[in-house]
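Data block for upload.csv (CSV, C-alpha atoms):
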chain,number,residue,atom,x,y,z
G,1,MET,CA,14.8,-11.0,-2.4
G,2,LYS,CA,12.7,-12.6,0.3
G,3,LYS,CA,9.4,-14.1,-0.6
G,4,SER,CA,6.3,-14.1,1.6
G,5,LYS,CA,3.3,-16.3,1.5
G,6,LEU,CA,0.0,-14.9,2.8
G,7,ILE,CA,-2.6,-17.1,4.4
G,8,ILE,CA,-6.1,-15.7,5.2
G,9,LEU,CA,-7.4,-17.9,8.0
G,10,SER,CA,-11.0,-18.4,6.8
G,11,ILE,CA,-13.1,-21.4,6.3
G,12,LEU,CA,-15.0,-19.6,3.6
G,13,SER,CA,-12.5,-18.2,1.2
G,14,ILE,CA,-9.0,-16.8,0.5
G,15,LEU,CA,-9.4,-13.1,0.6
G,16,SER,CA,-6.1,-11.6,-0.3
G,17,PHE,CA,-2.6,-11.9,-1.7
G,18,ALA,CA,0.9,-11.1,-0.3
G,19,SER,CA,4.4,-11.0,-1.5
G,20,CYS,CA,7.6,-9.1,-0.8
G,21,GLU,CA,7.9,-5.7,-2.3
G,22,LYS,CA,10.1,-5.4,-5.4
G,23,VAL,CA,10.6,-3.0,-8.3
G,24,ILE,CA,8.1,-3.5,-11.2
G,25,ASP,CA,9.4,-2.9,-14.8
G,26,LEU,CA,6.6,-1.0,-16.4
G,27,LYS,CA,5.8,-2.3,-19.8
G,28,LEU,CA,6.1,0.8,-22.0
G,29,ASP,CA,6.8,1.2,-25.7
G,30,ASN,CA,8.8,4.0,-27.1
G,31,THR,CA,6.1,6.6,-26.4
G,32,ASP,CA,6.0,10.1,-24.9
G,33,PRO,CA,7.1,10.2,-21.3
G,34,ARG,CA,4.5,9.9,-18.6
G,35,LEU,CA,4.5,11.2,-15.0
G,36,VAL,CA,4.7,8.6,-12.2
G,37,ILE,CA,3.1,10.1,-9.1
G,38,SER,CA,3.1,8.3,-5.8
G,39,GLY,CA,2.2,9.7,-2.4
G,40,ALA,CA,-0.1,9.3,0.6
G,41,ILE,CA,-2.2,11.2,3.2
G,42,SER,CA,-3.0,9.5,6.5
G,43,ASP,CA,-4.0,10.2,10.0
G,44,ALA,CA,-0.7,8.8,11.3
G,45,ASP,CA,1.8,11.3,12.7
G,46,SER,CA,4.1,11.4,9.7
G,47,ILE,CA,5.2,13.9,7.1
G,48,PRO,CA,3.2,13.5,3.8
G,49,ILE,CA,5.4,13.2,0.8
G,50,ILE,CA,4.4,13.1,-2.9
G,51,LYS,CA,7.1,11.8,-5.3
G,52,ILE,CA,7.0,12.5,-9.0
G,53,THR,CA,9.2,10.9,-11.6
G,54,GLN,CA,9.0,10.4,-15.4
G,55,THR,CA,8.9,7.3,-17.4
G,56,ILE,CA,11.6,6.4,-19.9
G,57,ASP,CA,11.8,4.2,-23.0
G,58,TYR,CA,11.7,0.5,-22.2
G,59,ASN,CA,15.2,-0.1,-23.6
G,60,GLU,CA,16.9,2.6,-21.5
G,61,PRO,CA,18.4,2.1,-18.0
G,62,ASN,CA,16.0,2.1,-15.1
G,63,ASN,CA,17.0,5.6,-13.9
G,64,PHE,CA,13.8,7.5,-13.8
G,65,PRO,CA,14.3,11.3,-13.8
G,66,GLU,CA,12.8,13.1,-10.9
G,67,ILE,CA,10.4,16.0,-11.6
G,68,GLN,CA,11.2,19.0,-9.3
G,69,ASP,CA,9.3,21.8,-11.1
G,70,ALA,CA,5.7,20.7,-10.6
G,71,THR,CA,3.1,22.4,-8.5
G,72,VAL,CA,1.5,20.0,-6.0
G,73,VAL,CA,-1.6,20.9,-4.0
G,74,VAL,CA,-3.7,18.8,-1.6
G,75,ARG,CA,-7.1,20.1,-0.6
G,76,ASP,CA,-9.8,18.7,1.7
G,77,ASP,CA,-13.6,19.0,1.6
G,78,PHE,CA,-13.5,21.4,4.5
G,79,GLY,CA,-11.7,24.1,2.5
G,80,GLY,CA,-8.2,23.4,3.6
G,81,ALA,CA,-5.3,23.6,1.1
G,82,ASP,CA,-1.7,22.5,1.4
G,83,THR,CA,0.9,23.4,-1.3
G,84,PHE,CA,3.7,20.9,-1.1
G,85,GLN,CA,7.2,22.1,-1.3
G,86,ALA,CA,9.8,20.5,-3.5
G,87,ARG,CA,12.8,18.9,-1.7
G,88,SER,CA,15.8,17.8,-3.8
G,89,ARG,CA,15.6,14.0,-4.2
G,90,GLN,CA,13.1,13.8,-1.4
G,91,GLY,CA,9.9,14.5,-3.3
G,92,TYR,CA,7.4,17.2,-2.4
G,93,ARG,CA,6.7,17.6,1.3
G,94,GLY,CA,3.5,18.9,2.9
G,95,VAL,CA,2.0,19.3,6.4
G,96,THR,CA,-1.5,17.8,6.0
G,97,LEU,CA,-2.5,15.4,8.8
G,98,GLY,CA,-5.5,13.5,7.6
G,99,VAL,CA,-8.9,13.3,9.4
G,100,PRO,CA,-11.0,10.1,8.9
G,101,GLY,CA,-14.2,10.8,7.0
G,102,ARG,CA,-12.8,13.7,5.1
G,103,THR,CA,-12.1,13.7,1.3
G,104,TYR,CA,-8.6,14.7,0.1
G,105,SER,CA,-8.0,15.9,-3.5
G,106,LEU,CA,-4.6,15.9,-5.1
G,107,ALA,CA,-3.7,18.3,-8.0
G,108,VAL,CA,-0.4,18.2,-9.8
G,109,PHE,CA,0.4,20.8,-12.4
G,110,HIS,CA,3.4,20.2,-14.8
G,111,ASP,CA,4.3,21.2,-18.3
G,112,GLY,CA,0.8,22.6,-19.0
G,113,LYS,CA,-1.0,19.5,-17.9
G,114,GLU,CA,-3.0,18.7,-14.8
G,115,TYR,CA,-3.3,15.4,-12.9
G,116,ASN,CA,-6.0,14.8,-10.2
G,117,SER,CA,-7.2,12.3,-7.7
G,118,SER,CA,-9.8,12.5,-5.0
G,119,VAL,CA,-10.1,9.9,-2.1
G,120,LYS,CA,-12.2,9.8,1.1
G,121,MET,CA,-10.2,8.7,4.1
G,122,PRO,CA,-11.9,5.6,5.7
G,123,ILE,CA,-12.7,5.3,9.4
G,124,PRO,CA,-10.0,3.4,11.2
G,125,ILE,CA,-10.5,-0.1,12.5
G,126,ALA,CA,-8.8,-1.3,15.8
G,127,ILE,CA,-6.6,-4.4,15.9
G,128,ASP,CA,-7.9,-6.8,18.6
G,129,SER,CA,-4.8,-8.9,19.0
G,130,VAL,CA,-1.6,-10.2,17.3
G,131,ASN,CA,0.3,-13.4,18.0
G,132,ILE,CA,3.0,-15.5,16.4
G,133,GLU,CA,3.4,-19.3,16.6
G,134,ALA,CA,5.4,-22.0,14.9
G,135,ILE,CA,3.6,-24.3,12.5
G,136,THR,CA,4.8,-27.3,10.6
G,137,GLY,CA,5.3,-26.8,6.8
G,138,PHE,CA,4.9,-29.4,4.1
G,139,GLY,CA,8.5,-30.4,4.4
G,140,GLY,CA,8.3,-30.9,8.1
G,141,GLU,CA,10.1,-27.7,8.8
G,142,GLU,CA,8.8,-25.2,11.4
G,143,LEU,CA,7.6,-21.9,10.0
G,144,PRO,CA,6.6,-18.7,11.9
G,145,LEU,CA,3.0,-17.7,11.5
G,146,LEU,CA,2.1,-14.2,12.4
G,147,THR,CA,-1.7,-13.7,12.8
G,148,THR,CA,-3.7,-10.5,13.2
G,149,TYR,CA,-7.3,-10.3,14.5
G,150,PHE,CA,-9.7,-7.5,14.0
G,151,GLN,CA,-13.5,-7.0,13.6
G,152,ASP,CA,-14.9,-5.9,10.3
G,153,PRO,CA,-17.8,-3.4,10.5
G,154,LYS,CA,-21.1,-4.8,9.3
G,155,GLY,CA,-23.0,-3.4,6.4
G,156,GLU,CA,-20.2,-1.5,4.6
G,157,LYS,CA,-17.5,-2.3,2.1
G,158,ASN,CA,-14.0,-2.3,3.6
G,159,TYR,CA,-10.5,-2.7,2.2
G,160,TYR,CA,-7.4,-3.3,4.3
G,161,TYR,CA,-3.6,-3.1,3.9
G,162,LEU,CA,-1.4,-4.6,6.7
G,163,ASN,CA,2.2,-3.5,7.0
G,164,TYR,CA,4.6,-5.4,9.3
G,165,LEU,CA,7.6,-4.0,11.1
G,166,ILE,CA,10.4,-5.6,13.2
G,167,ASN,CA,11.8,-3.3,15.9
G,168,GLY,CA,10.4,-0.3,14.1
G,169,GLU,CA,11.8,-1.2,10.6
G,170,ASN,CA,9.8,-2.4,7.7
G,171,SER,CA,10.1,-6.2,7.4
G,172,GLY,CA,9.3,-6.2,3.6
G,173,ASP,CA,6.2,-8.3,4.3
G,174,PHE,CA,2.7,-7.0,3.8
G,175,SER,CA,-0.9,-8.2,3.2
G,176,PHE,CA,-4.0,-6.6,1.6
G,177,LEU,CA,-7.6,-7.8,1.4
G,178,SER,CA,-11.2,-6.9,1.1
G,179,ASP,CA,-14.1,-8.0,3.3
G,180,ASP,CA,-15.8,-10.0,0.5
G,181,LEU,CA,-17.7,-12.8,2.1
G,182,ARG,CA,-16.6,-11.7,5.6
G,183,ASP,CA,-18.8,-8.6,6.2
G,184,GLY,CA,-19.3,-8.0,9.9
G,185,GLU,CA,-17.2,-10.9,10.9
G,186,GLU,CA,-13.9,-11.2,12.8
G,187,ILE,CA,-11.1,-11.3,10.3
G,188,GLN,CA,-7.9,-13.3,10.9
G,189,VAL,CA,-5.0,-12.5,8.6
G,190,GLY,CA,-2.1,-14.9,8.9
G,191,THR,CA,1.2,-14.4,7.1
G,192,ILE,CA,4.1,-16.8,6.8
G,193,SER,CA,7.4,-15.2,5.9
G,194,ASP,CA,11.1,-15.9,6.2
G,195,ASP,CA,11.3,-12.3,7.3
G,196,TYR,CA,10.4,-13.4,10.8
G,197,GLU,CA,12.8,-16.4,11.1
G,198,GLY,CA,15.5,-14.2,12.6
G,199,VAL,CA,13.5,-12.6,15.4
G,200,GLU,CA,14.7,-13.1,18.9
G,201,ILE,CA,13.2,-12.9,22.4
G,202,GLY,CA,12.7,-9.2,23.2
G,203,ASP,CA,12.2,-8.1,19.6
G,204,THR,CA,9.0,-6.1,18.9
G,205,LEU,CA,6.8,-7.0,15.9
G,206,THR,CA,4.4,-4.1,15.0
G,207,VAL,CA,1.3,-4.6,12.8
G,208,GLN,CA,0.0,-1.5,11.1
G,209,LEU,CA,-3.6,-1.9,10.0
G,210,GLN,CA,-4.4,0.6,7.2
G,211,CYS,CA,-8.0,1.1,6.0
G,212,ILE,CA,-7.8,2.0,2.3
G,213,ASP,CA,-10.4,2.7,-0.4
G,214,ALA,CA,-11.4,0.6,-3.4
G,215,SER,CA,-9.2,2.4,-5.9
G,216,MET,CA,-6.1,1.7,-3.8
G,217,TYR,CA,-7.1,-1.9,-3.3
G,218,GLU,CA,-7.4,-2.2,-7.1
G,219,TYR,CA,-3.9,-0.7,-7.5
G,220,TYR,CA,-2.4,-3.4,-5.1
G,221,ARG,CA,-4.4,-6.2,-6.7
G,222,THR,CA,-3.2,-5.4,-10.2
G,223,LEU,CA,0.4,-4.8,-8.9
G,224,GLU,CA,0.3,-8.3,-7.3
G,225,ALA,CA,-0.9,-9.8,-10.6
G,226,LEU,CA,2.0,-8.2,-12.5
G,227,GLU,CA,4.5,-9.4,-9.8
G,228,SER,CA,3.2,-12.9,-10.1
G,229,GLY,CA,3.5,-12.9,-13.9
G,230,GLY,CA,0.0,-12.2,-14.9
G,231,GLY,CA,0.7,-9.1,-17.0
G,232,GLY,CA,-1.2,-7.8,-19.9
G,233,GLY,CA,-1.4,-9.0,-23.5
G,234,LEU,CA,-4.0,-10.3,-25.9
G,235,GLY,CA,-7.0,-11.6,-23.9
G,236,SER,CA,-5.6,-10.6,-20.6
G,237,THR,CA,-7.7,-9.2,-17.8
G,238,THR,CA,-4.7,-7.6,-16.1
G,239,PRO,CA,-3.3,-4.3,-17.5
G,240,ASP,CA,0.4,-3.8,-18.3
G,241,ASN,CA,0.7,-1.3,-15.4
G,242,PRO,CA,-1.0,-1.2,-12.0
G,243,VAL,CA,-4.4,0.6,-12.3
G,244,SER,CA,-3.8,4.2,-11.2
G,245,ASN,CA,-6.4,6.3,-9.3
G,246,ILE,CA,-4.9,9.5,-10.8
G,247,THR,CA,-6.5,11.1,-13.9
G,248,GLY,CA,-4.7,12.9,-16.7
G,249,GLY,CA,-2.6,10.0,-17.9
G,250,ALA,CA,-0.2,9.6,-15.0
G,251,LEU,CA,0.9,6.3,-13.6
G,252,GLY,CA,1.1,5.7,-9.8
G,253,TYR,CA,-1.3,6.2,-6.9
G,254,PHE,CA,-2.7,8.7,-4.4
G,255,LYS,CA,-3.1,6.7,-1.2
G,256,VAL,CA,-5.4,8.1,1.5
G,257,PHE,CA,-5.7,5.9,4.6
G,258,SER,CA,-6.4,5.7,8.3
G,259,GLN,CA,-4.1,3.6,10.5
G,260,THR,CA,-4.1,1.7,13.8
G,261,GLU,CA,-1.2,-0.4,15.0
G,262,LYS,CA,-0.4,-3.0,17.7
G,263,ASP,CA,2.9,-4.3,19.1
G,264,PHE,CA,3.7,-7.9,19.9
G,265,ILE,CA,6.9,-8.5,22.0
G,266,ILE,CA,8.6,-11.9,21.4
G,267,GLN,CA,8.8,-13.7,24.7

What does the file become when written as structure tokens?
Amino acid sequence: MKKSKLIILSILSILSFASCEKVIDLKLDNTDPRLVISGAISDADSIPIIKITQTIDYNEPNNFPEIQDATVVVRDDFGGADTFQARSRQGYRGVTLGVPGRTYSLAVFHDGKEYNSSVKMPIPIAIDSVNIEAITGFGGEELPLLTTYFQDPKGEKNYYYLNYLINGENSGDFSFLSDDLRDGEEIQVGTISDDYEGVEIGDTLTVQLQCIDASMYEYYRTLEALESGGGGGLGSTTPDNPVSNITGGALGYFKVFSQTEKDFIIQ
């Protein structure tokens, strides 16, 4: 698995973390099964999908059973309702196209229980520019540094998730951060990853800048802590599972985000 290292180009502070995506082994005892719900609503032109699985005992193989008999409904604060349809091994699919500024509520009904989440979609932020350059690492080797520039709005709390694609495919690299200590300033997010070492002239790098809410940022923050070995335990400030923004005892997340993107062609 490739490993990415995130650098936030700031003279004030390091604002975020990054790593490659990988499967997290949830630290569960032999307890009653819990639902794991994951899905997103965005203003991007894509089909919204909610996936639902069930936990297993920690000593069983990591083959999480899919739940296909739940009722999944997404509503907005303008009275709209979208009942998602179950697709075999493809999760539950809906038709909702998000509108920035609106609040979206997820309700999942299964086995007599209800699970809920409600998130307001942030206003999108435009990317000003993207560039890539070679820098010299500690061992004297040249490393590709991909930097994204955008302006943070003044006077409001903002959280960001950056996804990176190579020729339209996910690179496996990502970044996330808040605007702590950078309110109203230009933010520069630099990422160094071996994912970019194989790019060639003519290849297209795409940066997707997603504006997320505080609960989703907390999910990513605690997930990062678990991936880096800072899991729970006596005296720990990090839980054994990423902090979910879904009530009712489910694990997982309901991500509501707005997105802008910008291409950079290698020349």

Give me, as an NGL selection string, all polymer residues having an atom no more than 8 Å from Gly252 in chain G, counting all atoms listed in the file and skipping those fewer than 3 positions away in the same chain.
:G and (36-38 or 242-246)

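Counting from CA of Ser117 in chain G, the distance to CA of Asp152 in chain G is 26.7 Å.
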
Interface rows for range 58-170 of chain G against range 182-196 of chain G: nearest pair, Å to one decimal, 8 Å, only C-alpha atoms, as JSON lines:
{"residue": "G:Leu143", "atom": "CA", "partner": "G:Ile192", "partner_atom": "CA", "distance": 7.0}
{"residue": "G:Pro144", "atom": "CA", "partner": "G:Ile192", "partner_atom": "CA", "distance": 6.0}
{"residue": "G:Leu145", "atom": "CA", "partner": "G:Ile192", "partner_atom": "CA", "distance": 4.9}
{"residue": "G:Leu146", "atom": "CA", "partner": "G:Thr191", "partner_atom": "CA", "distance": 5.4}
{"residue": "G:Thr147", "atom": "CA", "partner": "G:Gly190", "partner_atom": "CA", "distance": 4.1}
{"residue": "G:Thr148", "atom": "CA", "partner": "G:Val189", "partner_atom": "CA", "distance": 5.2}
{"residue": "G:Tyr149", "atom": "CA", "partner": "G:Gln188", "partner_atom": "CA", "distance": 4.7}
{"residue": "G:Phe150", "atom": "CA", "partner": "G:Ile187", "partner_atom": "CA", "distance": 5.5}
{"residue": "G:Gln151", "atom": "CA", "partner": "G:Glu186", "partner_atom": "CA", "distance": 4.3}
{"residue": "G:Asp152", "atom": "CA", "partner": "G:Gly184", "partner_atom": "CA", "distance": 4.9}
{"residue": "G:Pro153", "atom": "CA", "partner": "G:Gly184", "partner_atom": "CA", "distance": 4.9}
{"residue": "G:Lys154", "atom": "CA", "partner": "G:Gly184", "partner_atom": "CA", "distance": 3.7}
{"residue": "G:Gly155", "atom": "CA", "partner": "G:Asp183", "partner_atom": "CA", "distance": 6.7}
{"residue": "G:Glu156", "atom": "CA", "partner": "G:Asp183", "partner_atom": "CA", "distance": 7.4}
{"residue": "G:Lys157", "atom": "CA", "partner": "G:Asp183", "partner_atom": "CA", "distance": 7.6}

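Proximity of G:Val199, G:Val130, G:Leu35, G:Leu209 to Glu261 in chain G, computed with all atoms listed in the file, is greatest for G:Leu209.
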
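Coordinates place CA of Tyr92 in chain G at a distance of 10.3 Å from CA of Ile47 in chain G.
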
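A straight line drawn from CA of Asn158 in chain G to CA of Gly248 in chain G is 27.0 Å long.
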
Let me make sure I understand: among G:Glu142, G:Phe264, G:Ala250, G:Leu181, which one has the smallest atom-to-atom distance to Ile201 in chain G if we use all atoms listed in the file?
G:Phe264

Rank G:Thr71, G:Asp263, G:Tyr253, G:Asp240 by their smallest atom-to-atom distance to Tyr219 in chain G, using only C-alpha atoms, and report the top residue only.
G:Tyr253

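Shortest separation to Ile67 in chain G among G:Ala40, G:Phe138, G:Ala81, G:Val108 occurs at residue G:Val108, atoms counted being all atoms listed in the file.
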
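Every protein or nucleic acid residue with an atom no more than 12 Å from Lys120 in chain G, counting only C-alpha atoms and leaving out same-chain residues fewer than 4 positions away, appears here: Ile41, Ser42, Arg75, Asp76, Asp77, Gly98, Val99, Pro100, Gly101, Arg102, Thr103, Tyr104, Ser105, Leu106, Cys211, Ile212, Asp213, Ala214, Ser215, Met216, Phe254, Lys255, Val256, Phe257 and Ser258 of chain G.
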
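Candidate residues G:Leu165, G:Glu133, G:Ser171, G:Ser228 were compared for distance to Gln267 in chain G, and the nearest is G:Glu133, using all atoms listed in the file.
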